[in-house]
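Following: one structure in structure tokens, then a few remarks.
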Amino acid sequence: MPATVVVGTQWGDEGKGKLTDLLARDMDMVVRYQGGHNAGHRIVVGGEAFALQLVPSGVLYPDITPVIGNGVVVDPAVLIKELDTLSSKGVDVSKLVVSGNAHLIMPYHQELDRVTERFLGKNALGTTKRGIGPAYADKSSRVGLRVQDLLDPKIFREKLDVALKEKNAVLAKVYNRLPMKADEIADVYLGELAARISPMIGDTVGLIHDFLDDGKRILLEGAQATFLDLDHGTYPFVTSSNPVAGGACTGSGLGPRDLTDIVGIAKAYITRVGAGPFPTELFDDMQELLVERGHEFGTNTGRRRRVGWFDAVMARQAVRLNSLTEIALTKLDVLDTLDTIKVCVAYEAGGVRYEYPPYHQSVFHDVVPIYEELPGWKTDLSSFTSYDQLPGAAQKYVQFLVDTIGVRISVVGVGPGREQFVRPS
């Protein structure tokens, strides 16, 4: 049976939570395959907003099994707080399964994230300072603690002592910070945190394959997006894992042949949080309009997002990197009031035209976007329930994106609500 991947095609904040929620109604399991609580998914159900950081979006459906895969880094305190918040709103979280191979975010990861960003000054990467990068670094260095270590206090303490020996030396000698105490950390993690999380820990790889073998349907969701990918994004202004569709395999335990549908998600314009290149970024009154109409502030950080016109050059690259089978377009309604709308169809640098992003960062930082301009529709789309109801100019914009990107658009978002979408025929 099919395993479907949902992947962001821009710099994140495309609306993956809403799309995952939409697709999940036909699924039996939803798996989060990478990232940490540095990414937020916002879903509006019945007028009530749910902001999810670690828990897969499918948790809102009582018949779905939500899974946090091995590719995720988990702050157990954040996970427990999120589960308690969901429970207080009447959401059943009892089916959640957390991979024993997922890595733990530790207090020293968060402290290192904070002091490193301050140390970098104007060269800071704009991280969320939540310990994500340092946790992944420890994973790669093979000194990380995993979720399963919460089940074995002896192993947990041995690993913690080894890790702290190095971390405290760095914190003290490089950043002039006080050393952290292993006893205090162990008391917290092996106490209430372990007690709460232990019942959720399991063999998620085996569980996922059991579902597939039983003919059940699986949806995989990542955090961040294609151009924040550690390998394929605008390095070094990227995340510390692989949000691209290939990361769904390593972060869940599925094989490539298990993936049947790969759905890319893109805003009808584009946004970015933090530092890094942004060819179509706006700096005029249009920027303010899109920020206001699109409510472009981080779901869990509150950070204001940078905004720009839709970038088809990046979208084409996202199609290649992810083998996209279709695209879901969100926030078309944010453009409702505009007289004209621009789409970047290519870049120019040094007299050369680029249909795909240039590989060299020095070139990419200097590209000039080449735009085509389309008429706006000056109509409120939020109440429309079918694609045929959209004004001709709105349909023309959607079709222009299809023709320019080369992949069909299967869903168009016309508002923030759970049911505010239409499907092109």
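Lettering and numbering for the structure tokens are positional, with chains as A, B, ... in the shown order, residues counted from 1 in each chain, and ligands counted from 1 in the shown order.
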(message) Would you pick out the contacts of Asp339 of chain A at 8 Å or less, using only C-alpha atoms, so that residues sharing its chain but fewer than 3 positions from it are not included, and give the list as a PyMOL selection string?
(response) chain A and resi 375-378
(request) Name all residues at most 7 Å from segment 90-96 of chain A (count only C-alpha atoms; drop same-chain ones fewer than 5 positions away) and give them as a PyMOL selection string. (result) chain A and resi 59-60+62+65-67+83+200
(message) Env of segment 219-223 of chain A: 9 Å cut, atoms = only C-alpha atoms, seq-sep filter 4 positions within chain, self excluded. Answer as a count of residues only.
(response) 39
Please provide as a PDB file with all heavy atoms, in the first residue's frame all residues within 8 Å of Phe364 of chain A, with the sequence filter that same-chain residues fewer than 6 positions apart are discarded (counting only C-alpha atoms).
ATOM      1  N   PRO A 277      20.350  34.032   1.740  1.00  0.00           N
ATOM      2  CA  PRO A 277      19.967  34.658   0.482  1.00  0.00           C
ATOM      3  C   PRO A 277      18.488  34.489   0.188  1.00  0.00           C
ATOM      4  O   PRO A 277      17.873  33.497   0.581  1.00  0.00           O
ATOM      5  CB  PRO A 277      20.830  33.929  -0.556  1.00  0.00           C
ATOM      6  CG  PRO A 277      21.105  32.593   0.063  1.00  0.00           C
ATOM      7  CD  PRO A 277      21.235  32.859   1.539  1.00  0.00           C
ATOM      8  N   PRO A 357      18.667  27.027  -9.746  1.00  0.00           N
ATOM      9  CA  PRO A 357      19.608  27.781  -8.911  1.00  0.00           C
ATOM     10  C   PRO A 357      21.057  27.427  -9.242  1.00  0.00           C
ATOM     11  O   PRO A 357      21.402  26.244  -9.353  1.00  0.00           O
ATOM     12  CB  PRO A 357      19.249  27.343  -7.480  1.00  0.00           C
ATOM     13  CG  PRO A 357      17.839  26.879  -7.568  1.00  0.00           C
ATOM     14  CD  PRO A 357      17.709  26.261  -8.923  1.00  0.00           C
ATOM     15  N   PRO A 358      21.930  28.419  -9.412  1.00  0.00           N
ATOM     16  CA  PRO A 358      23.352  28.124  -9.642  1.00  0.00           C
ATOM     17  C   PRO A 358      23.939  27.435  -8.424  1.00  0.00           C
ATOM     18  O   PRO A 358      23.596  27.763  -7.285  1.00  0.00           O
ATOM     19  CB  PRO A 358      23.965  29.510  -9.869  1.00  0.00           C
ATOM     20  CG  PRO A 358      23.018  30.475  -9.248  1.00  0.00           C
ATOM     21  CD  PRO A 358      21.657  29.860  -9.386  1.00  0.00           C
TER      22      PRO A 358
END
(request) Show which residues sit within 8 Å of segment 168-181 of chain A, as a PyMOL selection string. Count only C-alpha atoms, and ignore same-chain residues fewer than 5 positions away. (result) chain A and resi 108+112+115
(request) Could you pull out the residues in segment 92-326 of chain A that DSSP calls alpha helix (DSSP H) from the backbone, as a ChimeraX atom specification? (result) /A:107-120,132-141,153-173,182-188,194-197,204-213,245-250,285-294,312-322
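Residues of segment 260-341 of chain A assigned to strand (DSSP E or B) by DSSP on this structure's backbone: Thr260, Asp261, Ile262, Val263, Gly264, Ile265, Ala266, Lys267, Ile270, Thr271, Arg272, Glu281, Phe297, Arg304, Arg306, Val307, Gly308, Phe310, Asp311, Glu326, Ile327, Ala328, Leu329, Thr330, Thr340 and Ile341 of chain A.
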(message) What's around segment 382-396 of chain A at 7 Å? Count only C-alpha atoms, leave out sequence neighbours fewer than 5 positions away in its own chain, and write the answer as a ChimeraX atom specification.
(response) /A:333,375-377,414-415,420-424
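Atom CA of Gly294 of chain A sits 22.7 Å away from atom CA of Val345 of chain A.
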Give me the residues of segment 302-374 of chain A that have any atom at most 12 Å from an atom of segment 283-287 of chain A; for each, the nearest atom pair and the distance in Å, rounded to one decimal. Use only C-alpha atoms, sort by chain and number, and format it as a tab-separated table.
residue	atom	partner	partner_atom	distance
A:Arg304	CA	A:Gln287	CA	11.3
A:Arg305	CA	A:Gln287	CA	9.9
A:Arg306	CA	A:Gln287	CA	7.9
A:Val307	CA	A:Gln287	CA	6.1
A:Gly308	CA	A:Gln287	CA	7.1
A:Trp309	CA	A:Gln287	CA	9.5
A:Val334	CA	A:Met286	CA	11.6
A:Leu335	CA	A:Met286	CA	10.4
A:Thr337	CA	A:Met286	CA	11.0
A:Leu338	CA	A:Met286	CA	9.2
A:Asp339	CA	A:Met286	CA	11.4
A:Thr340	CA	A:Met286	CA	11.1
A:Ile341	CA	A:Met286	CA	10.5
A:Lys342	CA	A:Met286	CA	11.4
Mind writing the picked residues with C-alpha atoms as a PDB file, in the first residue's frame?
ATOM      1  CA  ARG A 304       8.620  37.921  11.598  1.00  0.00           C
ATOM      2  CA  ARG A 305       9.121  36.266   8.234  1.00  0.00           C
ATOM      3  CA  ARG A 306      10.766  37.833   5.222  1.00  0.00           C
ATOM      4  CA  VAL A 307       8.477  37.766   2.178  1.00  0.00           C
ATOM      5  CA  GLY A 308       8.897  37.784  -1.598  1.00  0.00           C
ATOM      6  CA  TRP A 309       7.296  36.858  -4.902  1.00  0.00           C
ATOM      7  CA  VAL A 334      -3.373  36.355   0.589  1.00  0.00           C
ATOM      8  CA  LEU A 335      -2.948  37.786  -2.929  1.00  0.00           C
ATOM      9  CA  THR A 337      -6.213  42.476  -3.089  1.00  0.00           C
ATOM     10  CA  LEU A 338      -3.338  42.868  -5.536  1.00  0.00           C
ATOM     11  CA  ASP A 339      -3.652  44.569  -8.928  1.00  0.00           C
ATOM     12  CA  THR A 340      -0.728  42.642 -10.367  1.00  0.00           C
ATOM     13  CA  ILE A 341       1.320  39.671  -9.198  1.00  0.00           C
ATOM     14  CA  LYS A 342       4.893  38.805 -10.121  1.00  0.00           C
TER      15      LYS A 342
END
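Neighbours of Asp231 of chain A closer than or equal to 12 Å, with only C-alpha atoms counted and sequence neighbours fewer than 2 positions away skipped, come out as Ala225, Thr226, Phe227, Leu228, Asp229, Gly233, Thr234, Tyr235, Pro236, Phe237, Val238, Thr239, Ser240, Ser241, Asn242, Pro243, Val244, Gly246, Gly247, Leu321 and Tyr359 of chain A.
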At a cut-off of 9 Å, can you tabulate as JSON lines every residue of segment 118-197 of chain A near segment 99-103 of chain A together with its closest atom pair and the distance in Å to one decimal, using only C-alpha atoms and ordering rows by chain then number?
{"residue": "A:Ala135", "atom": "CA", "partner": "A:His103", "partner_atom": "CA", "distance": 7.3}
{"residue": "A:Tyr136", "atom": "CA", "partner": "A:His103", "partner_atom": "CA", "distance": 8.0}
{"residue": "A:Lys139", "atom": "CA", "partner": "A:His103", "partner_atom": "CA", "distance": 7.1}
{"residue": "A:Gly144", "atom": "CA", "partner": "A:His103", "partner_atom": "CA", "distance": 6.7}
{"residue": "A:Leu145", "atom": "CA", "partner": "A:His103", "partner_atom": "CA", "distance": 5.9}
{"residue": "A:Arg146", "atom": "CA", "partner": "A:His103", "partner_atom": "CA", "distance": 4.1}
{"residue": "A:Val147", "atom": "CA", "partner": "A:Gly100", "partner_atom": "CA", "distance": 4.9}
{"residue": "A:Gln148", "atom": "CA", "partner": "A:Gly100", "partner_atom": "CA", "distance": 4.3}
{"residue": "A:Asp149", "atom": "CA", "partner": "A:Gly100", "partner_atom": "CA", "distance": 8.0}
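The space separating atom CA of Leu259 of chain A from atom CA of Val398 of chain A comes to 26.7 Å.
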